[in-house]
Amino acid sequence: MAKQPYCYDHPRPMVTVDCVLLRVKVGRLEALLVRRRKEPEKGCWALPGGFVQMKEPLEAAVLRELKEETGISEICCLLQNGAYGDPKRDPRGRVISVAYLATIAGDGRAPKAGSDADAAEWHPVDLPPDGLAFDHPTIIGDALRRLAVGGRTGGILFSFLPVQFTSEQLGVVLKAVFGAKIDPMTYLKPFIDGQLVKPSKDMKKFHFVGWHSGKCR
């Protein structure tokens, strides 16, 4: 049989996606994890994710896997956060994972395990379960660093908040992310000066321009 055009005798790695979905609840930063139903790492907690289909864009794949394994389909921010390709990261073979950082405002919808997940639960990032699967501790750690950096220079932290938020609500998010009390008005000042945040006339409520106008998918 003749080879198809542009088909080469070269190993083809498998590609997966993983999602670090975060929320702030009761002043704590939490990540959504699933308990694996199948080998490898059966019974271990892991990030929602799975294999990318042949004709599927990466972003579509991570949203599909998140919905299939946790029942959650509406998120507020989705950022590609890195690729992980240690040859020994997965016993099934040469698997490269593209990881995403996602956020959700408020509590979000309660997760419901599905697909190859036995359970889906929120876990505080400062108190993760023992024995996370694969290299997922590294992926989570990288996502948290990206969140901290983006929180200082960009608007990602506003995606944890409702459309109209107060300085007190922002203060809770700042404390959860940075682990220290930060004056929310000092934090808001450059965003207000740059017209990225619009305050109400009485300066009691604020709106970040861009995230909340149809931002949740």
# chains A, B, ... in the order shown; residues from 1 in each chain; ligands from 1

call {"tool": "residues_around", "arguments": {"residues": "Pro124 (chain A)", "least_positions_apart": "4", "cutoff": "12 Å", "atoms": "only C-alpha atoms", "output": "list in words"}}
result
Leu21, Leu22, Arg23, Val24, Lys25, Val26, Gly27, Arg28, Leu29, Glu30, Ala31, Leu32, Leu33, Pro128, Pro129, Ile140, Ala176 and Val177 of chain A

call {"tool": "residues_around", "arguments": {"residues": "region 83-95 of chain A", "least_positions_apart": "4", "cutoff": "9 Å", "atoms": "only C-alpha atoms", "output": "PyMOL selection string"}}
result
chain A and resi 12-16+40+99+134-135+139

call {"tool": "write_last_selection", "arguments": {"atoms": "N, CA and C atoms", "output": "mmCIF file, in the first residue's frame"}}
result
data_model
loop_
_atom_site.group_PDB
_atom_site.id
_atom_site.type_symbol
_atom_site.label_atom_id
_atom_site.label_comp_id
_atom_site.auth_asym_id
_atom_site.auth_seq_id
_atom_site.Cartn_x
_atom_site.Cartn_y
_atom_site.Cartn_z
ATOM 1 N N ARG A 12 5.209 9.234 16.779
ATOM 2 C CA ARG A 12 4.197 10.256 16.996
ATOM 3 C C ARG A 12 3.789 10.259 18.473
ATOM 4 N N PRO A 13 4.224 11.251 19.227
ATOM 5 C CA PRO A 13 3.834 11.316 20.638
ATOM 6 C C PRO A 13 2.329 11.493 20.782
ATOM 7 N N MET A 14 1.794 11.016 21.879
ATOM 8 C CA MET A 14 0.404 11.279 22.238
ATOM 9 C C MET A 14 0.331 12.661 22.900
ATOM 10 N N VAL A 15 -0.790 13.337 22.721
ATOM 11 C CA VAL A 15 -0.971 14.674 23.276
ATOM 12 C C VAL A 15 -2.199 14.691 24.172
ATOM 13 N N THR A 16 -2.019 15.241 25.365
ATOM 14 C CA THR A 16 -3.134 15.398 26.289
ATOM 15 C C THR A 16 -3.262 16.869 26.683
ATOM 16 N N PRO A 40 -3.400 4.326 34.321
ATOM 17 C CA PRO A 40 -2.463 4.377 35.454
ATOM 18 C C PRO A 40 -2.911 5.376 36.518
ATOM 19 N N ALA A 99 -0.963 22.279 29.309
ATOM 20 C CA ALA A 99 -1.720 22.627 30.513
ATOM 21 C C ALA A 99 -2.356 24.005 30.386
ATOM 22 N N PHE A 134 0.795 11.643 38.242
ATOM 23 C CA PHE A 134 1.731 12.103 37.219
ATOM 24 C C PHE A 134 2.601 13.265 37.732
ATOM 25 N N ASP A 135 2.772 14.284 36.898
ATOM 26 C CA ASP A 135 3.527 15.472 37.303
ATOM 27 C C ASP A 135 2.591 16.633 37.629
ATOM 28 N N ILE A 139 2.563 20.973 37.572
ATOM 29 C CA ILE A 139 1.657 21.752 36.727
ATOM 30 C C ILE A 139 0.865 22.743 37.574
#

call {"tool": "select_by_dssp", "arguments": {"residues": "chain A", "states": "helix (DSSP H, G or I)", "output": "ChimeraX atom specification"}}
result
/A:58-70,136-153,156-160,167-178,184-193

call {"tool": "closest_residue", "arguments": {"among": "A:Val209, A:Val20, A:Ile72, A:Cys7", "to": "Ala113 (chain A)", "atoms": "only C-alpha atoms"}}
result
A:Ile72

call {"tool": "residues_around", "arguments": {"residues": "Tyr100 (chain A)", "least_positions_apart": "5", "cutoff": "9 Å", "atoms": "only C-alpha atoms", "output": "ChimeraX atom specification"}}
result
/A:17-21,59,62,78-82,143

call {"tool": "decode", "arguments": {"residues": "region 162-211 of chain A", "atoms": "N, CA and C atoms", "output": "PDB file, in the first residue's frame"}}
result
ATOM      1  N   PRO A 162     -17.567  38.943  40.960  1.00  0.00           N
ATOM      2  CA  PRO A 162     -18.784  39.199  40.186  1.00  0.00           C
ATOM      3  C   PRO A 162     -18.612  40.409  39.276  1.00  0.00           C
ATOM      4  N   VAL A 163     -19.591  40.638  38.437  1.00  0.00           N
ATOM      5  CA  VAL A 163     -19.524  41.739  37.468  1.00  0.00           C
ATOM      6  C   VAL A 163     -19.276  43.072  38.167  1.00  0.00           C
ATOM      7  N   GLN A 164     -20.043  43.346  39.201  1.00  0.00           N
ATOM      8  CA  GLN A 164     -19.836  44.522  40.040  1.00  0.00           C
ATOM      9  C   GLN A 164     -19.299  44.024  41.380  1.00  0.00           C
ATOM     10  N   PHE A 165     -18.128  44.495  41.766  1.00  0.00           N
ATOM     11  CA  PHE A 165     -17.527  44.004  42.997  1.00  0.00           C
ATOM     12  C   PHE A 165     -17.147  45.164  43.894  1.00  0.00           C
ATOM     13  N   THR A 166     -16.983  44.869  45.177  1.00  0.00           N
ATOM     14  CA  THR A 166     -16.583  45.871  46.157  1.00  0.00           C
ATOM     15  C   THR A 166     -15.096  45.719  46.472  1.00  0.00           C
ATOM     16  N   SER A 167     -14.546  46.722  47.101  1.00  0.00           N
ATOM     17  CA  SER A 167     -13.142  46.636  47.501  1.00  0.00           C
ATOM     18  C   SER A 167     -12.941  45.521  48.524  1.00  0.00           C
ATOM     19  N   GLU A 168     -13.963  45.279  49.351  1.00  0.00           N
ATOM     20  CA  GLU A 168     -13.862  44.197  50.341  1.00  0.00           C
ATOM     21  C   GLU A 168     -13.778  42.840  49.650  1.00  0.00           C
ATOM     22  N   GLN A 169     -14.589  42.624  48.617  1.00  0.00           N
ATOM     23  CA  GLN A 169     -14.529  41.364  47.873  1.00  0.00           C
ATOM     24  C   GLN A 169     -13.176  41.191  47.189  1.00  0.00           C
ATOM     25  N   LEU A 170     -12.657  42.259  46.630  1.00  0.00           N
ATOM     26  CA  LEU A 170     -11.331  42.190  46.017  1.00  0.00           C
ATOM     27  C   LEU A 170     -10.265  41.877  47.055  1.00  0.00           C
ATOM     28  N   GLY A 171     -10.391  42.464  48.245  1.00  0.00           N
ATOM     29  CA  GLY A 171      -9.430  42.202  49.310  1.00  0.00           C
ATOM     30  C   GLY A 171      -9.354  40.732  49.677  1.00  0.00           C
ATOM     31  N   VAL A 172     -10.507  40.053  49.661  1.00  0.00           N
ATOM     32  CA  VAL A 172     -10.544  38.617  49.962  1.00  0.00           C
ATOM     33  C   VAL A 172      -9.762  37.836  48.902  1.00  0.00           C
ATOM     34  N   VAL A 173      -9.947  38.191  47.642  1.00  0.00           N
ATOM     35  CA  VAL A 173      -9.236  37.511  46.551  1.00  0.00           C
ATOM     36  C   VAL A 173      -7.735  37.758  46.652  1.00  0.00           C
ATOM     37  N   LEU A 174      -7.353  38.999  46.921  1.00  0.00           N
ATOM     38  CA  LEU A 174      -5.926  39.327  47.042  1.00  0.00           C
ATOM     39  C   LEU A 174      -5.262  38.520  48.151  1.00  0.00           C
ATOM     40  N   LYS A 175      -5.939  38.411  49.281  1.00  0.00           N
ATOM     41  CA  LYS A 175      -5.398  37.647  50.412  1.00  0.00           C
ATOM     42  C   LYS A 175      -5.270  36.164  50.049  1.00  0.00           C
ATOM     43  N   ALA A 176      -6.278  35.622  49.350  1.00  0.00           N
ATOM     44  CA  ALA A 176      -6.261  34.202  48.984  1.00  0.00           C
ATOM     45  C   ALA A 176      -5.136  33.892  48.010  1.00  0.00           C
ATOM     46  N   VAL A 177      -4.877  34.786  47.081  1.00  0.00           N
ATOM     47  CA  VAL A 177      -3.869  34.535  46.045  1.00  0.00           C
ATOM     48  C   VAL A 177      -2.454  34.794  46.542  1.00  0.00           C
ATOM     49  N   PHE A 178      -2.265  35.925  47.246  1.00  0.00           N
ATOM     50  CA  PHE A 178      -0.920  36.330  47.649  1.00  0.00           C
ATOM     51  C   PHE A 178      -0.558  35.925  49.072  1.00  0.00           C
ATOM     52  N   GLY A 179      -1.536  35.475  49.853  1.00  0.00           N
ATOM     53  CA  GLY A 179      -1.250  35.029  51.210  1.00  0.00           C
ATOM     54  C   GLY A 179      -0.916  36.143  52.173  1.00  0.00           C
ATOM     55  N   ALA A 180      -1.249  37.364  51.818  1.00  0.00           N
ATOM     56  CA  ALA A 180      -0.977  38.514  52.687  1.00  0.00           C
ATOM     57  C   ALA A 180      -2.068  39.554  52.458  1.00  0.00           C
ATOM     58  N   LYS A 181      -2.289  40.373  53.462  1.00  0.00           N
ATOM     59  CA  LYS A 181      -3.304  41.414  53.353  1.00  0.00           C
ATOM     60  C   LYS A 181      -2.762  42.546  52.490  1.00  0.00           C
ATOM     61  N   ILE A 182      -3.481  42.873  51.436  1.00  0.00           N
ATOM     62  CA  ILE A 182      -3.090  43.931  50.510  1.00  0.00           C
ATOM     63  C   ILE A 182      -4.234  44.932  50.425  1.00  0.00           C
ATOM     64  N   ASP A 183      -3.892  46.207  50.491  1.00  0.00           N
ATOM     65  CA  ASP A 183      -4.914  47.241  50.413  1.00  0.00           C
ATOM     66  C   ASP A 183      -5.551  47.218  49.020  1.00  0.00           C
ATOM     67  N   PRO A 184      -6.848  46.915  48.925  1.00  0.00           N
ATOM     68  CA  PRO A 184      -7.464  46.801  47.598  1.00  0.00           C
ATOM     69  C   PRO A 184      -7.478  48.108  46.821  1.00  0.00           C
ATOM     70  N   MET A 185      -7.591  49.247  47.505  1.00  0.00           N
ATOM     71  CA  MET A 185      -7.613  50.518  46.793  1.00  0.00           C
ATOM     72  C   MET A 185      -6.242  50.843  46.185  1.00  0.00           C
ATOM     73  N   THR A 186      -5.189  50.474  46.892  1.00  0.00           N
ATOM     74  CA  THR A 186      -3.848  50.645  46.324  1.00  0.00           C
ATOM     75  C   THR A 186      -3.675  49.754  45.102  1.00  0.00           C
ATOM     76  N   TYR A 187      -4.179  48.536  45.191  1.00  0.00           N
ATOM     77  CA  TYR A 187      -4.112  47.601  44.068  1.00  0.00           C
ATOM     78  C   TYR A 187      -4.918  48.120  42.871  1.00  0.00           C
ATOM     79  N   LEU A 188      -6.080  48.717  43.148  1.00  0.00           N
ATOM     80  CA  LEU A 188      -6.962  49.166  42.082  1.00  0.00           C
ATOM     81  C   LEU A 188      -6.465  50.421  41.364  1.00  0.00           C
ATOM     82  N   LYS A 189      -5.669  51.231  42.042  1.00  0.00           N
ATOM     83  CA  LYS A 189      -5.323  52.538  41.500  1.00  0.00           C
ATOM     84  C   LYS A 189      -4.763  52.507  40.076  1.00  0.00           C
ATOM     85  N   PRO A 190      -3.762  51.681  39.765  1.00  0.00           N
ATOM     86  CA  PRO A 190      -3.257  51.678  38.384  1.00  0.00           C
ATOM     87  C   PRO A 190      -4.293  51.214  37.367  1.00  0.00           C
ATOM     88  N   PHE A 191      -5.190  50.335  37.775  1.00  0.00           N
ATOM     89  CA  PHE A 191      -6.240  49.875  36.865  1.00  0.00           C
ATOM     90  C   PHE A 191      -7.258  50.986  36.606  1.00  0.00           C
ATOM     91  N   ILE A 192      -7.562  51.755  37.651  1.00  0.00           N
ATOM     92  CA  ILE A 192      -8.477  52.886  37.485  1.00  0.00           C
ATOM     93  C   ILE A 192      -7.814  53.971  36.644  1.00  0.00           C
ATOM     94  N   ASP A 193      -6.543  54.263  36.935  1.00  0.00           N
ATOM     95  CA  ASP A 193      -5.819  55.282  36.170  1.00  0.00           C
ATOM     96  C   ASP A 193      -5.732  54.916  34.693  1.00  0.00           C
ATOM     97  N   GLY A 194      -5.594  53.630  34.412  1.00  0.00           N
ATOM     98  CA  GLY A 194      -5.516  53.163  33.030  1.00  0.00           C
ATOM     99  C   GLY A 194      -6.868  52.903  32.399  1.00  0.00           C
ATOM    100  N   GLN A 195      -7.941  53.239  33.123  1.00  0.00           N
ATOM    101  CA  GLN A 195      -9.319  53.078  32.668  1.00  0.00           C
ATOM    102  C   GLN A 195      -9.672  51.625  32.351  1.00  0.00           C
ATOM    103  N   LEU A 196      -8.987  50.713  33.037  1.00  0.00           N
ATOM    104  CA  LEU A 196      -9.320  49.296  32.921  1.00  0.00           C
ATOM    105  C   LEU A 196     -10.354  48.881  33.950  1.00  0.00           C
ATOM    106  N   VAL A 197     -10.447  49.637  35.023  1.00  0.00           N
ATOM    107  CA  VAL A 197     -11.476  49.445  36.034  1.00  0.00           C
ATOM    108  C   VAL A 197     -12.291  50.725  36.134  1.00  0.00           C
ATOM    109  N   LYS A 198     -13.611  50.580  36.095  1.00  0.00           N
ATOM    110  CA  LYS A 198     -14.497  51.738  36.195  1.00  0.00           C
ATOM    111  C   LYS A 198     -15.196  51.718  37.559  1.00  0.00           C
ATOM    112  N   PRO A 199     -14.966  52.720  38.393  1.00  0.00           N
ATOM    113  CA  PRO A 199     -15.633  52.783  39.691  1.00  0.00           C
ATOM    114  C   PRO A 199     -17.004  53.438  39.573  1.00  0.00           C
ATOM    115  N   SER A 200     -17.881  53.106  40.509  1.00  0.00           N
ATOM    116  CA  SER A 200     -19.147  53.825  40.609  1.00  0.00           C
ATOM    117  C   SER A 200     -18.872  55.235  41.135  1.00  0.00           C
ATOM    118  N   LYS A 201     -19.858  56.087  41.034  1.00  0.00           N
ATOM    119  CA  LYS A 201     -19.652  57.475  41.443  1.00  0.00           C
ATOM    120  C   LYS A 201     -19.283  57.592  42.917  1.00  0.00           C
ATOM    121  N   ASP A 202     -19.824  56.718  43.738  1.00  0.00           N
ATOM    122  CA  ASP A 202     -19.525  56.779  45.170  1.00  0.00           C
ATOM    123  C   ASP A 202     -18.300  55.937  45.546  1.00  0.00           C
ATOM    124  N   MET A 203     -17.642  55.338  44.536  1.00  0.00           N
ATOM    125  CA  MET A 203     -16.424  54.531  44.739  1.00  0.00           C
ATOM    126  C   MET A 203     -16.673  53.319  45.637  1.00  0.00           C
ATOM    127  N   LYS A 204     -17.903  52.838  45.638  1.00  0.00           N
ATOM    128  CA  LYS A 204     -18.212  51.661  46.462  1.00  0.00           C
ATOM    129  C   LYS A 204     -18.228  50.372  45.650  1.00  0.00           C
ATOM    130  N   LYS A 205     -18.397  50.487  44.343  1.00  0.00           N
ATOM    131  CA  LYS A 205     -18.382  49.308  43.484  1.00  0.00           C
ATOM    132  C   LYS A 205     -17.513  49.577  42.269  1.00  0.00           C
ATOM    133  N   PHE A 206     -17.024  48.464  41.702  1.00  0.00           N
ATOM    134  CA  PHE A 206     -16.075  48.569  40.604  1.00  0.00           C
ATOM    135  C   PHE A 206     -16.407  47.530  39.539  1.00  0.00           C
ATOM    136  N   HIS A 207     -15.956  47.832  38.322  1.00  0.00           N
ATOM    137  CA  HIS A 207     -16.172  46.923  37.193  1.00  0.00           C
ATOM    138  C   HIS A 207     -14.914  46.879  36.348  1.00  0.00           C
ATOM    139  N   PHE A 208     -14.359  45.677  36.166  1.00  0.00           N
ATOM    140  CA  PHE A 208     -13.189  45.521  35.304  1.00  0.00           C
ATOM    141  C   PHE A 208     -13.661  45.389  33.861  1.00  0.00           C
ATOM    142  N   VAL A 209     -13.208  46.272  33.017  1.00  0.00           N
ATOM    143  CA  VAL A 209     -13.655  46.291  31.632  1.00  0.00           C
ATOM    144  C   VAL A 209     -13.017  45.127  30.877  1.00  0.00           C
ATOM    145  N   GLY A 210     -13.834  44.256  30.327  1.00  0.00           N
ATOM    146  CA  GLY A 210     -13.301  43.195  29.485  1.00  0.00           C
ATOM    147  C   GLY A 210     -13.649  41.797  29.940  1.00  0.00           C
ATOM    148  N   TRP A 211     -13.535  41.514  31.240  1.00  0.00           N
ATOM    149  CA  TRP A 211     -13.779  40.140  31.692  1.00  0.00           C
ATOM    150  C   TRP A 211     -15.259  39.780  31.697  1.00  0.00           C
TER     151      TRP A 211
END
